[in-house]
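File shown: work.txt (compact mmCIF, C-alpha atoms).
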# COMPACT_ATOMS: atom_id res chain seq x y z
CA MET A 1 -37.61 -23.05 -36.18
CA GLU A 2 -37.60 -26.12 -33.97
CA VAL A 3 -35.84 -28.12 -36.70
CA VAL A 4 -33.17 -25.43 -37.06
CA TRP A 5 -32.75 -25.28 -33.28
CA ALA A 6 -32.40 -29.09 -33.10
CA VAL A 7 -29.83 -29.13 -35.90
CA GLY A 8 -27.91 -26.36 -34.16
CA GLN A 9 -27.89 -28.29 -30.90
CA VAL A 10 -26.68 -31.45 -32.61
CA GLY A 11 -23.95 -29.47 -34.39
CA ALA A 12 -22.85 -27.83 -31.14
CA VAL A 13 -22.64 -31.20 -29.38
CA TRP A 14 -20.74 -32.66 -32.35
CA VAL A 15 -18.16 -29.85 -32.33
CA ALA A 16 -17.82 -30.02 -28.55
CA VAL A 17 -17.15 -33.77 -28.66
CA VAL A 18 -14.60 -33.38 -31.47
CA LEU A 19 -12.82 -30.55 -29.65
CA GLY A 20 -12.86 -32.29 -26.26
CA PHE A 21 -11.94 -35.83 -27.24
CA ILE A 22 -9.75 -35.33 -30.33
CA VAL A 23 -8.50 -31.77 -30.86
CA LEU A 24 -7.54 -31.01 -27.24
CA PRO A 25 -5.55 -34.25 -26.78
CA SER A 26 -3.85 -33.52 -30.11
CA VAL A 27 -2.83 -30.05 -28.95
CA LEU A 28 -1.45 -31.49 -25.71
CA GLY A 29 0.29 -34.33 -27.55
CA ILE A 30 -1.48 -37.07 -25.61
CA SER A 31 -3.67 -40.02 -26.61
CA LEU A 32 -6.87 -41.18 -24.96
CA GLY A 33 -6.52 -44.63 -26.52
CA ILE A 34 -9.43 -44.15 -28.93
CA SER A 35 -7.34 -44.60 -32.09
CA GLU A 36 -5.57 -47.62 -30.59
CA ALA A 37 -8.91 -49.26 -29.79
CA TYR A 38 -10.21 -48.43 -33.27
CA MET A 39 -7.17 -50.01 -34.92
CA TRP A 40 -7.49 -53.13 -32.74
CA VAL A 41 -11.14 -53.61 -33.71
CA LEU A 42 -10.30 -52.95 -37.37
CA MET A 43 -7.50 -55.52 -37.35
CA LYS A 44 -9.82 -58.16 -35.90
CA ILE A 45 -12.49 -57.45 -38.52
CA LEU A 46 -9.99 -57.64 -41.40
CA GLU A 47 -8.54 -60.89 -40.03
CA TRP A 48 -12.04 -62.35 -39.77
CA ALA A 49 -12.87 -61.17 -43.30
CA THR A 50 -9.75 -62.87 -44.71
CA ILE A 51 -10.53 -66.17 -42.95
CA ARG A 52 -14.19 -66.01 -43.96
CA LEU A 53 -13.26 -65.30 -47.57
CA GLN A 54 -10.94 -68.29 -47.72
CA LYS A 55 -13.56 -70.58 -46.20
CA GLY A 56 -16.36 -69.29 -48.41
CA ALA A 57 -14.53 -69.59 -51.70
CA LYS A 58 -16.06 -72.03 -54.17
CA LYS A 59 -12.65 -73.39 -55.14
CA PRO A 60 -9.61 -73.87 -52.92
CA GLN A 61 -7.46 -70.78 -53.11
CA PRO A 62 -3.70 -71.21 -53.57
CA GLN A 63 -1.70 -70.25 -50.53
CA MET A 64 -0.85 -66.56 -50.65
CA PRO A 65 2.78 -65.56 -50.57
CA ARG A 66 4.02 -64.07 -47.32
CA THR A 67 5.79 -61.16 -48.95
CA PRO A 68 3.74 -58.40 -50.58
CA THR A 69 3.64 -58.11 -54.33
CA ASN A 70 3.29 -55.03 -56.44
CA GLY A 71 1.87 -56.72 -59.51
CA ILE A 72 5.12 -56.33 -61.45
CA ILE A 73 6.50 -59.14 -63.60
CA GLU A 74 10.09 -59.53 -62.45
CA ARG A 75 12.58 -60.63 -65.08
CA ASP A 76 16.22 -61.55 -64.88
CA GLU A 77 18.23 -58.77 -66.45
CA THR A 78 20.79 -60.29 -68.83
CA PRO A 79 23.21 -58.10 -70.79
CA MET A 80 22.33 -57.71 -74.46
CA GLU A 81 25.56 -59.26 -75.76
CA LYS A 82 25.32 -62.33 -73.54
CA GLU A 83 21.69 -63.01 -74.41
CA ILE A 84 22.19 -62.59 -78.17
CA THR A 85 25.30 -64.78 -78.05
CA LEU A 86 23.39 -67.56 -76.30
CA LEU A 87 20.57 -67.41 -78.82
CA HIS A 88 22.23 -66.76 -82.18
CA GLY A 89 25.95 -66.13 -81.77
CA ALA A 90 27.77 -62.82 -81.60
CA ASP A 91 28.09 -62.25 -85.37
CA PHE A 92 25.48 -60.15 -87.07
CA GLU A 93 22.38 -62.04 -88.13
CA PHE A 94 18.95 -60.88 -89.22
CA SER A 95 17.48 -63.05 -86.47
CA HIS A 96 18.85 -60.56 -83.92
CA ILE A 97 15.72 -58.56 -84.61
CA PHE A 98 13.72 -61.09 -82.61
CA TYR A 99 15.63 -60.17 -79.44
CA PHE A 100 14.53 -56.54 -79.77
CA CYS A 101 10.98 -57.59 -80.70
CA ARG A 102 10.73 -59.72 -77.58
CA LYS A 103 11.99 -56.86 -75.43
CA GLY A 104 9.40 -54.59 -76.99
CA PHE A 105 6.56 -57.05 -76.38
CA GLU A 106 7.67 -57.48 -72.76
CA ALA A 107 7.59 -53.72 -72.27
CA ILE A 108 4.10 -53.52 -73.77
CA VAL A 109 2.72 -56.37 -71.66
CA GLU A 110 4.28 -55.23 -68.40
CA ASP A 111 7.10 -52.74 -67.94
CA GLU A 112 8.76 -51.79 -64.69
CA VAL A 113 7.96 -48.09 -64.90
CA THR A 114 4.28 -47.46 -65.65
CA GLN A 115 3.12 -49.96 -63.03
CA ARG A 116 4.79 -47.75 -60.42
CA PHE A 117 2.11 -45.16 -61.18
CA SER A 118 -0.86 -47.41 -60.34
CA SER A 119 -2.13 -48.48 -56.93
CA GLU A 120 -0.37 -51.30 -55.14
CA GLU A 121 -2.18 -54.65 -55.34
CA LEU A 122 -3.28 -56.18 -52.03
CA LEU A 123 -2.85 -59.77 -50.90
CA SER A 124 -6.22 -59.84 -49.14
CA TRP A 125 -9.48 -57.93 -49.29
CA ASN A 126 -9.58 -54.89 -47.00
CA LEU A 127 -13.35 -54.30 -47.26
CA LEU A 128 -12.79 -51.09 -49.23
CA THR A 129 -13.54 -52.49 -52.67
CA ARG A 130 -15.41 -55.47 -54.13
CA THR A 131 -13.50 -55.66 -57.38
CA ASN A 132 -10.19 -57.24 -56.34
CA VAL A 133 -9.28 -59.71 -59.09
CA ASN A 134 -7.90 -62.19 -56.57
CA PHE A 135 -11.37 -63.06 -55.26
CA HIS A 136 -14.31 -64.36 -57.28
CA TYR A 137 -16.75 -65.12 -54.48
CA ILE A 138 -17.89 -63.16 -51.45
CA SER A 139 -20.17 -64.69 -48.81
CA LEU A 140 -23.38 -63.06 -47.60
CA LYS A 141 -21.87 -62.25 -44.21
CA LEU A 142 -18.95 -60.49 -45.87
CA THR A 143 -21.34 -58.49 -48.04
CA VAL A 144 -23.28 -57.39 -44.94
CA VAL A 145 -20.04 -56.37 -43.20
CA TRP A 146 -18.98 -54.46 -46.32
CA VAL A 147 -22.31 -52.55 -46.40
CA VAL A 148 -22.00 -51.69 -42.70
CA GLY A 149 -18.44 -50.54 -43.38
CA VAL A 150 -19.63 -48.22 -46.17
CA ILE A 151 -22.17 -46.67 -43.81
CA VAL A 152 -19.58 -46.20 -41.07
CA ARG A 153 -16.98 -44.71 -43.43
CA TYR A 154 -19.28 -42.29 -45.25
CA CYS A 155 -21.77 -41.39 -42.50
CA PHE A 156 -19.44 -41.19 -39.48
CA LEU A 157 -15.75 -41.20 -40.38
CA LEU A 158 -16.06 -38.82 -43.35
CA PRO A 159 -17.94 -36.03 -41.45
CA LEU A 160 -15.58 -36.47 -38.49
CA ARG A 161 -12.48 -36.19 -40.67
CA VAL A 162 -13.81 -33.24 -42.65
CA THR A 163 -14.51 -31.45 -39.36
CA LEU A 164 -11.01 -32.15 -38.07
CA ALA A 165 -9.44 -31.12 -41.39
CA ALA A 166 -11.38 -27.83 -41.34
CA ILE A 167 -10.25 -27.15 -37.76
CA GLY A 168 -6.63 -28.03 -38.60
CA ILE A 169 -6.44 -25.91 -41.76
CA THR A 170 -8.21 -22.94 -40.16
CA SER A 171 -5.93 -23.12 -37.13
CA MET A 172 -2.89 -23.26 -39.42
CA ILE A 173 -3.94 -20.17 -41.38
CA VAL A 174 -4.98 -18.12 -38.34
CA GLY A 175 -2.08 -19.25 -36.15
CA THR A 176 0.68 -18.60 -38.70
CA THR A 177 -0.87 -15.26 -39.68
CA VAL A 178 -0.87 -14.08 -36.06
CA VAL A 179 2.65 -15.37 -35.37
CA GLY A 180 3.85 -13.81 -38.62
CA GLN A 181 3.04 -10.33 -37.25
CA LEU A 182 5.66 -10.72 -34.51
CA PRO A 183 9.20 -9.41 -35.03
CA ASN A 184 11.87 -11.94 -35.88
CA SER A 185 13.10 -13.50 -32.66
CA SER A 186 13.52 -16.81 -30.87
CA VAL A 187 10.02 -16.38 -29.44
CA LYS A 188 8.53 -16.10 -32.93
CA ASN A 189 10.42 -19.22 -34.09
CA TYR A 190 9.22 -21.15 -31.04
CA LEU A 191 5.58 -20.14 -31.51
CA SER A 192 5.80 -20.95 -35.23
CA GLU A 193 7.00 -24.47 -34.46
CA VAL A 194 4.23 -24.91 -31.88
CA VAL A 195 1.58 -23.87 -34.43
CA HIS A 196 2.95 -26.15 -37.16
CA LEU A 197 3.28 -29.17 -34.85
CA THR A 198 -0.17 -28.68 -33.30
CA CYS A 199 -1.98 -28.25 -36.60
CA SER A 200 -0.13 -31.20 -38.15
CA ARG A 201 -1.23 -33.41 -35.25
CA ILE A 202 -4.83 -32.38 -35.81
CA LEU A 203 -4.54 -33.13 -39.54
CA VAL A 204 -3.02 -36.55 -38.81
CA ARG A 205 -6.03 -37.29 -36.57
CA ALA A 206 -8.22 -36.22 -39.51
CA LEU A 207 -6.65 -39.10 -41.46
CA SER A 208 -6.97 -41.55 -38.56
CA GLY A 209 -3.21 -41.72 -38.85
CA THR A 210 -1.13 -44.28 -36.99
CA ILE A 211 2.54 -43.46 -37.55
CA HIS A 212 5.52 -45.35 -36.19
CA TYR A 213 8.73 -43.31 -36.08
CA HIS A 214 12.01 -45.23 -35.86
CA ASN A 215 15.54 -44.10 -34.93
CA LYS A 216 14.50 -40.68 -33.70
CA GLU A 217 18.09 -39.90 -32.76
CA ASN A 218 18.68 -39.37 -36.52
CA ARG A 219 15.98 -36.76 -36.95
CA PRO A 220 16.98 -33.88 -39.26
CA ARG A 221 18.60 -30.91 -37.57
CA LYS A 222 18.62 -27.22 -38.38
CA GLY A 223 20.79 -26.21 -41.29
CA GLY A 224 20.39 -29.60 -42.97
CA ILE A 225 18.37 -31.06 -45.85
CA CYS A 226 15.82 -33.81 -45.31
CA VAL A 227 15.16 -35.97 -48.39
CA ALA A 228 12.48 -38.66 -48.52
CA ASN A 229 10.70 -40.91 -50.99
CA HIS A 230 7.41 -39.50 -52.22
CA THR A 231 4.08 -41.34 -52.21
CA SER A 232 1.49 -38.73 -51.38
CA PRO A 233 0.94 -35.02 -50.63
CA ILE A 234 0.33 -36.07 -47.03
CA ASP A 235 4.01 -37.11 -46.73
CA ALA A 236 4.76 -33.58 -45.52
CA ILE A 237 2.07 -33.81 -42.82
CA ILE A 238 3.35 -37.22 -41.72
CA LEU A 239 6.85 -35.81 -41.21
CA THR A 240 5.78 -32.47 -39.72
CA ASN A 241 3.79 -34.39 -37.11
CA ASP A 242 7.15 -35.30 -35.53
CA GLY A 243 9.17 -32.17 -36.27
CA CYS A 244 9.12 -28.88 -38.14
CA TYR A 245 10.57 -28.35 -41.61
CA ALA A 246 10.94 -25.57 -44.13
CA MET A 247 8.99 -26.68 -47.18
CA VAL A 248 10.16 -26.20 -50.74
CA GLY A 249 7.67 -26.02 -53.58
CA GLN A 250 5.87 -24.12 -56.28
CA VAL A 251 3.47 -21.29 -55.53
CA HIS A 252 -0.16 -22.42 -55.89
CA GLY A 253 -3.50 -20.71 -56.09
CA GLY A 254 -6.77 -21.38 -54.29
CA LEU A 255 -6.81 -22.79 -50.76
CA MET A 256 -3.26 -24.11 -51.09
CA GLY A 257 -2.09 -20.63 -52.02
CA VAL A 258 -3.79 -19.14 -48.96
CA ILE A 259 -2.02 -21.68 -46.72
CA GLN A 260 1.33 -20.96 -48.39
CA ARG A 261 1.03 -17.20 -47.99
CA ALA A 262 0.04 -17.58 -44.33
CA THR A 263 2.70 -20.10 -43.33
CA VAL A 264 5.59 -18.29 -45.02
CA LYS A 265 5.00 -15.30 -42.73
CA ALA A 266 5.78 -17.40 -39.66
CA CYS A 267 8.27 -19.92 -41.06
CA PRO A 268 11.04 -19.58 -43.69
CA HIS A 269 9.44 -21.84 -46.29
CA VAL A 270 10.86 -21.55 -49.80
CA TRP A 271 8.09 -21.07 -52.37
CA PHE A 272 8.99 -20.56 -56.01
CA GLU A 273 7.10 -18.93 -58.84
CA ARG A 274 6.78 -21.08 -61.95
CA SER A 275 9.23 -18.84 -63.83
CA GLU A 276 11.80 -19.19 -61.02
CA ILE A 277 11.60 -22.99 -60.99
CA LYS A 278 12.83 -23.05 -64.59
CA ASP A 279 15.91 -21.11 -63.48
CA ARG A 280 17.89 -23.87 -61.75
CA HIS A 281 20.68 -21.54 -60.67
CA LEU A 282 18.26 -19.20 -58.92
CA VAL A 283 16.63 -22.11 -57.08
CA THR A 284 20.01 -23.48 -56.01
CA LYS A 285 21.10 -20.04 -54.80
CA ARG A 286 18.04 -19.58 -52.59
CA LEU A 287 18.37 -23.06 -51.11
CA ARG A 288 22.07 -22.55 -50.38
CA GLU A 289 21.30 -19.30 -48.59
CA HIS A 290 18.76 -21.15 -46.45
CA VAL A 291 21.11 -24.02 -45.59
CA ALA A 292 23.93 -21.60 -44.75
CA ASP A 293 21.83 -20.20 -41.89
CA LYS A 294 22.15 -22.84 -39.14
CA SER A 295 19.31 -21.25 -37.16
CA LYS A 296 16.74 -22.08 -39.85
CA LEU A 297 14.70 -25.26 -39.96
CA PRO A 298 15.89 -28.18 -42.12
CA ILE A 299 14.62 -28.11 -45.69
CA LEU A 300 12.23 -30.91 -46.69
CA ILE A 301 12.66 -32.07 -50.30
CA PHE A 302 11.20 -34.97 -52.28
CA PRO A 303 13.85 -35.51 -54.99
CA GLU A 304 11.72 -37.86 -57.12
CA GLY A 305 9.57 -34.91 -58.12
CA THR A 306 6.38 -36.97 -58.35
CA CYS A 307 4.38 -39.50 -56.35
CA ILE A 308 5.34 -43.19 -56.69
CA ASN A 309 3.04 -46.02 -55.61
CA ASN A 310 4.67 -47.04 -52.32
CA THR A 311 6.54 -49.99 -53.89
CA SER A 312 9.60 -48.29 -55.38
CA VAL A 313 12.06 -45.42 -55.28
CA MET A 314 12.79 -43.83 -58.64
CA MET A 315 15.57 -41.52 -59.79
CA PHE A 316 16.52 -38.69 -57.43
CA LYS A 317 17.08 -35.41 -59.25
CA LYS A 318 20.58 -34.16 -58.53
CA GLY A 319 19.66 -30.54 -57.75
CA SER A 320 19.01 -31.27 -54.08
CA PHE A 321 22.47 -32.79 -53.74
CA GLU A 322 24.39 -29.89 -55.32
CA ILE A 323 23.47 -27.48 -52.56
CA GLY A 324 25.95 -28.80 -50.02
CA GLY A 325 25.43 -29.41 -46.32
CA THR A 326 24.29 -32.52 -44.51
CA ILE A 327 21.62 -34.77 -46.01
CA TYR A 328 19.20 -36.50 -43.64
CA PRO A 329 17.55 -39.41 -45.52
CA VAL A 330 14.07 -40.53 -44.46
CA ALA A 331 12.23 -43.65 -45.65
CA ILE A 332 8.41 -43.66 -45.61
CA LYS A 333 6.42 -46.86 -46.11
CA TYR A 334 2.61 -46.98 -45.94
CA ASP A 335 0.57 -50.05 -45.06
CA PRO A 336 -1.89 -50.45 -47.97
CA GLN A 337 -4.11 -52.80 -45.99
CA PHE A 338 -5.90 -49.89 -44.31
CA GLY A 339 -5.93 -47.37 -47.13
CA ASP A 340 -4.16 -46.44 -50.35
CA ALA A 341 -2.08 -43.32 -49.70
CA PHE A 342 -0.71 -43.13 -53.25
CA TRP A 343 -1.90 -40.15 -55.29
CA ASN A 344 -2.18 -40.92 -58.97
CA SER A 345 -2.35 -37.32 -60.11
CA SER A 346 -2.85 -38.40 -63.72
CA LYS A 347 -6.11 -40.13 -62.76
CA TYR A 348 -7.51 -38.24 -59.76
CA ASN A 349 -7.61 -34.55 -58.96
CA ILE A 350 -6.80 -33.44 -55.43
CA VAL A 351 -10.46 -33.35 -54.34
CA SER A 352 -11.12 -36.91 -55.50
CA TYR A 353 -7.90 -38.06 -53.88
CA LEU A 354 -8.77 -36.48 -50.52
CA LEU A 355 -12.23 -38.05 -50.68
CA ARG A 356 -10.63 -41.47 -51.19
CA ILE A 357 -8.23 -40.88 -48.30
CA MET A 358 -10.93 -39.68 -45.92
CA THR A 359 -13.22 -42.62 -46.70
CA SER A 360 -10.52 -45.24 -46.16
CA TRP A 361 -10.13 -47.05 -42.85
CA ALA A 362 -6.96 -45.32 -41.72
CA ILE A 363 -3.50 -44.19 -42.78
CA VAL A 364 -0.85 -46.41 -41.23
CA CYS A 365 2.83 -45.96 -42.02
CA ASN A 366 6.37 -46.40 -40.78
CA VAL A 367 8.96 -43.62 -40.90
CA TRP A 368 12.66 -44.41 -40.56
CA TYR A 369 15.20 -41.67 -39.86
CA LEU A 370 18.50 -42.78 -41.41
CA PRO A 371 21.95 -41.63 -40.29
CA PRO A 372 23.02 -38.30 -41.84
CA MET A 373 25.09 -38.47 -45.02
CA VAL A 374 27.55 -36.04 -46.60
CA ARG A 375 28.98 -35.89 -50.08
CA LYS A 376 32.41 -37.48 -50.49
CA GLU A 377 35.30 -35.66 -52.13
CA ASP A 378 35.46 -38.00 -55.14
CA GLU A 379 31.68 -38.12 -55.55
CA ASP A 380 29.59 -36.05 -57.93
CA ALA A 381 25.99 -35.01 -57.25
CA VAL A 382 24.48 -37.91 -59.25
CA GLN A 383 26.53 -40.53 -57.41
CA PHE A 384 25.65 -38.95 -54.07
CA ALA A 385 21.95 -38.93 -54.98
CA ASN A 386 22.10 -42.60 -55.97
CA ARG A 387 23.80 -43.50 -52.69
CA VAL A 388 21.12 -41.74 -50.66
CA ARG A 389 18.37 -43.34 -52.75
CA SER A 390 19.84 -46.82 -52.20
CA ALA A 391 19.88 -46.28 -48.44
CA ILE A 392 16.23 -45.21 -48.43
CA ALA A 393 15.17 -48.13 -50.64
CA ARG A 394 16.93 -50.70 -48.44
CA GLN A 395 15.44 -49.37 -45.23
CA GLY A 396 11.90 -49.04 -46.60
CA GLY A 397 11.90 -52.39 -48.43
CA LEU A 398 11.33 -50.58 -51.72
CA THR A 399 12.47 -51.48 -55.23
CA GLU A 400 15.19 -49.19 -56.53
CA LEU A 401 14.71 -48.01 -60.12
CA PRO A 402 17.00 -45.78 -62.22
CA TRP A 403 14.12 -44.29 -64.22
CA ASP A 404 13.01 -40.67 -64.03
CA GLY A 405 9.62 -40.17 -62.38
CA GLY A 406 8.91 -37.62 -65.10
CA LEU A 407 8.01 -40.59 -67.34
CA LYS A 408 4.67 -40.45 -65.53
CA ARG A 409 3.68 -37.69 -67.95
CA ALA A 410 6.47 -37.50 -70.55
CA LYS A 411 7.73 -39.84 -73.27
CA VAL A 412 10.99 -41.73 -73.07
CA LYS A 413 13.90 -39.53 -74.10
CA ASP A 414 15.65 -40.30 -77.37
CA THR A 415 18.91 -40.73 -75.46
CA PHE A 416 17.59 -43.94 -73.90
CA LYS A 417 16.84 -45.37 -77.34
CA GLU A 418 20.21 -44.26 -78.68
CA GLU A 419 21.96 -45.97 -75.78
CA GLN A 420 20.58 -49.35 -76.82
CA GLN A 421 21.63 -48.72 -80.43
CA LYS A 422 25.15 -47.79 -79.32
CA ASN A 423 25.44 -50.91 -77.15
CA TYR A 424 24.43 -53.13 -80.08
CA SER A 425 26.82 -51.44 -82.51
CA LYS A 426 29.70 -51.72 -80.01
CA MET A 427 28.99 -55.42 -79.66
CA LEU A 428 29.17 -55.93 -83.44
CA VAL A 429 32.36 -53.89 -83.81
CA ARG A 430 34.02 -55.72 -80.97
CA ASN A 431 33.26 -59.12 -82.51
CA GLY A 432 34.37 -58.15 -85.99
CA SER A 433 30.92 -58.34 -87.56
CA VAL A 434 31.29 -54.78 -88.84
CA GLY A 435 34.29 -53.35 -90.68
Can I see the file as structure tokens?
Amino acid sequence: MEVVWAVGQVGAVWVAVVLGFIVLPSVLGISLGISEAYMWVLMKILEWATIRLQKGAKKPQPQMPRTPTNGIIERDETPMEKEITLLHGADFEFSHIFYFCRKGFEAIVEDEVTQRFSSEELLSWNLLTRTNVNFHYISLKLTVVWVVGVIVRYCFLLPLRVTLAAIGITSMIVGTTVVGQLPNSSVKNYLSEVVHLTCSRILVRALSGTIHYHNKENRPRKGGICVANHTSPIDAIILTNDGCYAMVGQVHGGLMGVIQRATVKACPHVWFERSEIKDRHLVTKRLREHVADKSKLPILIFPEGTCINNTSVMMFKKGSFEIGGTIYPVAIKYDPQFGDAFWNSSKYNIVSYLLRIMTSWAIVCNVWYLPPMVRKEDEDAVQFANRVRSAIARQGGLTELPWDGGLKRAKVKDTFKEEQQKNYSKMLVRNGSVG
């Protein structure tokens, strides 16, 4: 009995400290400076680790580039006709096959798509892993610091973050359920926004999140559509921490389903059944009805449709840009030095991913609100989507790729292969090699 009593006392003190020093300041929207001090100490440790690693290396290490790399082999893109002409001449020759063979080998060794679905490579060790290929020697002091870091992350930070996450999720479910019982009115909308903002702040604290918001005068407004690049499921929490949105997504089961059913009672989120998602016209109709009501919150959409590894922006699906209304682009860029926010859903399930997030040092990111954009008269939905994507890529320092993020799980469409065949045949016809 004494052991149970002691455990209960420790638990009560733990909850009281969490509520008093973290949850309450989050609710009030103030900071006690604890996270700032934590980040300062962490920065000093990582700087020391980098210097120590360089000094303790057996061989001199080449100077690291100042700009981050994503592990992608960059190649100069030369048009097919020009490259073949330089190598063999424009007339048909059997040696042309070597051009296509080389392109195939390059794609096998390192292509520009699949590497976007693996974690971003770091320039220096962040004390979260001991398998970085850039380093072949770690000193004894660094090993000791790494062990201490493991103890801190798993024995202190993980229980703290799980506690905060439980408080945030429970508060979200209870708060939205209670608010959802009120009749539709301005009071209900106000209380709903308060609940969403408060719970999002608690969840950001559960990630030890440090978020820098830029150009707040461009924040999405009611009746608009907010589109952003997609790296992680926590993107929505990062954005909701600074303003409320109506989410768009598929209906889920389990805990996620409970949260969806609770939140939709208090806020006009747009959840679709799997059968509805296949009906593009039905989806577009429901989104247009939402945007037409200028009193409703802006819709938050991730047009890539899948998570990309924080280095690139891939093809935006045009559906979001056929609805009409004002588009509010947002660029999100995470700092991988403190933790890898990218969710490789093909490799990790959501539980494994959350465990990795909650045992990292912190989640640090920058969010840029870009000026609102509208579709031009002579612009179709695809061109508009590409223009918005280019703006997000430039602001976030991300590589812009025309490929569909669906290649993460699907094979390349036959149309892509046929396009190369058509280009080659046009080249031959134009130069008189055929006919």
Problem set entry | Surrounding residues of Pro298 of chain A excluding itself and chain neighbours under 2 positions, 9 Å, all atoms listed in the file, as a list in words |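 These residues fall inside the cut-off: Pro220, Arg221, Lys222, Gly223, Gly224, Ile225, Cys226, Cys244, Tyr245, Ala246, Met247, His290, Val291, Lys294, Lys296 and Leu300 of chain A.
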For this session: Name the residues in contact with segment 197-205 of chain A at a cut-off of 10 Å, using all atoms listed in the file, excluding same-chain residues fewer than 6 positions from it; report them as a ChimeraX atom specification.
Result: /A:22-29,35,160-162,164-173,175,191,211,234,236-245,362-363
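Atom pair atom CA of Ser295 of chain A / atom CA of Val270 of chain A: separated by 15.2 Å.
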Problem set entry | Minimum-distance residue to Trp146 of chain A, chosen among A:Val264, A:Leu355, A:Leu128, A:Val313 (using only C-alpha atoms) | A:Leu128
For this session: Give me, please, the distance in Å between atom CA of Trp361 of chain A and atom CA of Val147 of chain A, quoted to one decimal.
Result: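 About the pair atom CA of Trp361 of chain A and atom CA of Val147 of chain A: they are 13.8 Å apart.
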Problem set entry | Nearest to Thr399 of chain A by atom-to-atom distance, counting only C-alpha atoms, from A:Tyr154, A:Pro336, A:Thr311, A:Phe272 |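 Using only C-alpha atoms, the shortest distance to Thr399 of chain A belongs to A:Thr311.
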For this session: Mind giving me the straight-line distance from atom CA of Thr163 of chain A to atom CA of Ser208 of chain A in Å, one decimal?
Result: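 Computing the Euclidean distance for atom CA of Thr163 of chain A and atom CA of Ser208 of chain A yields 12.6 Å.
Residues lying at most 9 Å from (23.3, -32.3, -58.0) in file coordinates, with all atoms listed in the file considered, are Lys317, Lys318, Gly319, Ser320, Phe321, Glu322, Ile323, Asp380, Ala381, Val382, Gln383, Phe384 and Ala385 of chain A.
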Problem set entry | Which residue of A:Ser352, A:Asn126, A:Ser390, A:Asn309 approaches Trp48 of chain A most closely, using all atoms listed in the file |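 Checking each candidate against Trp48 of chain A, we get A:Asn126 as the closest.
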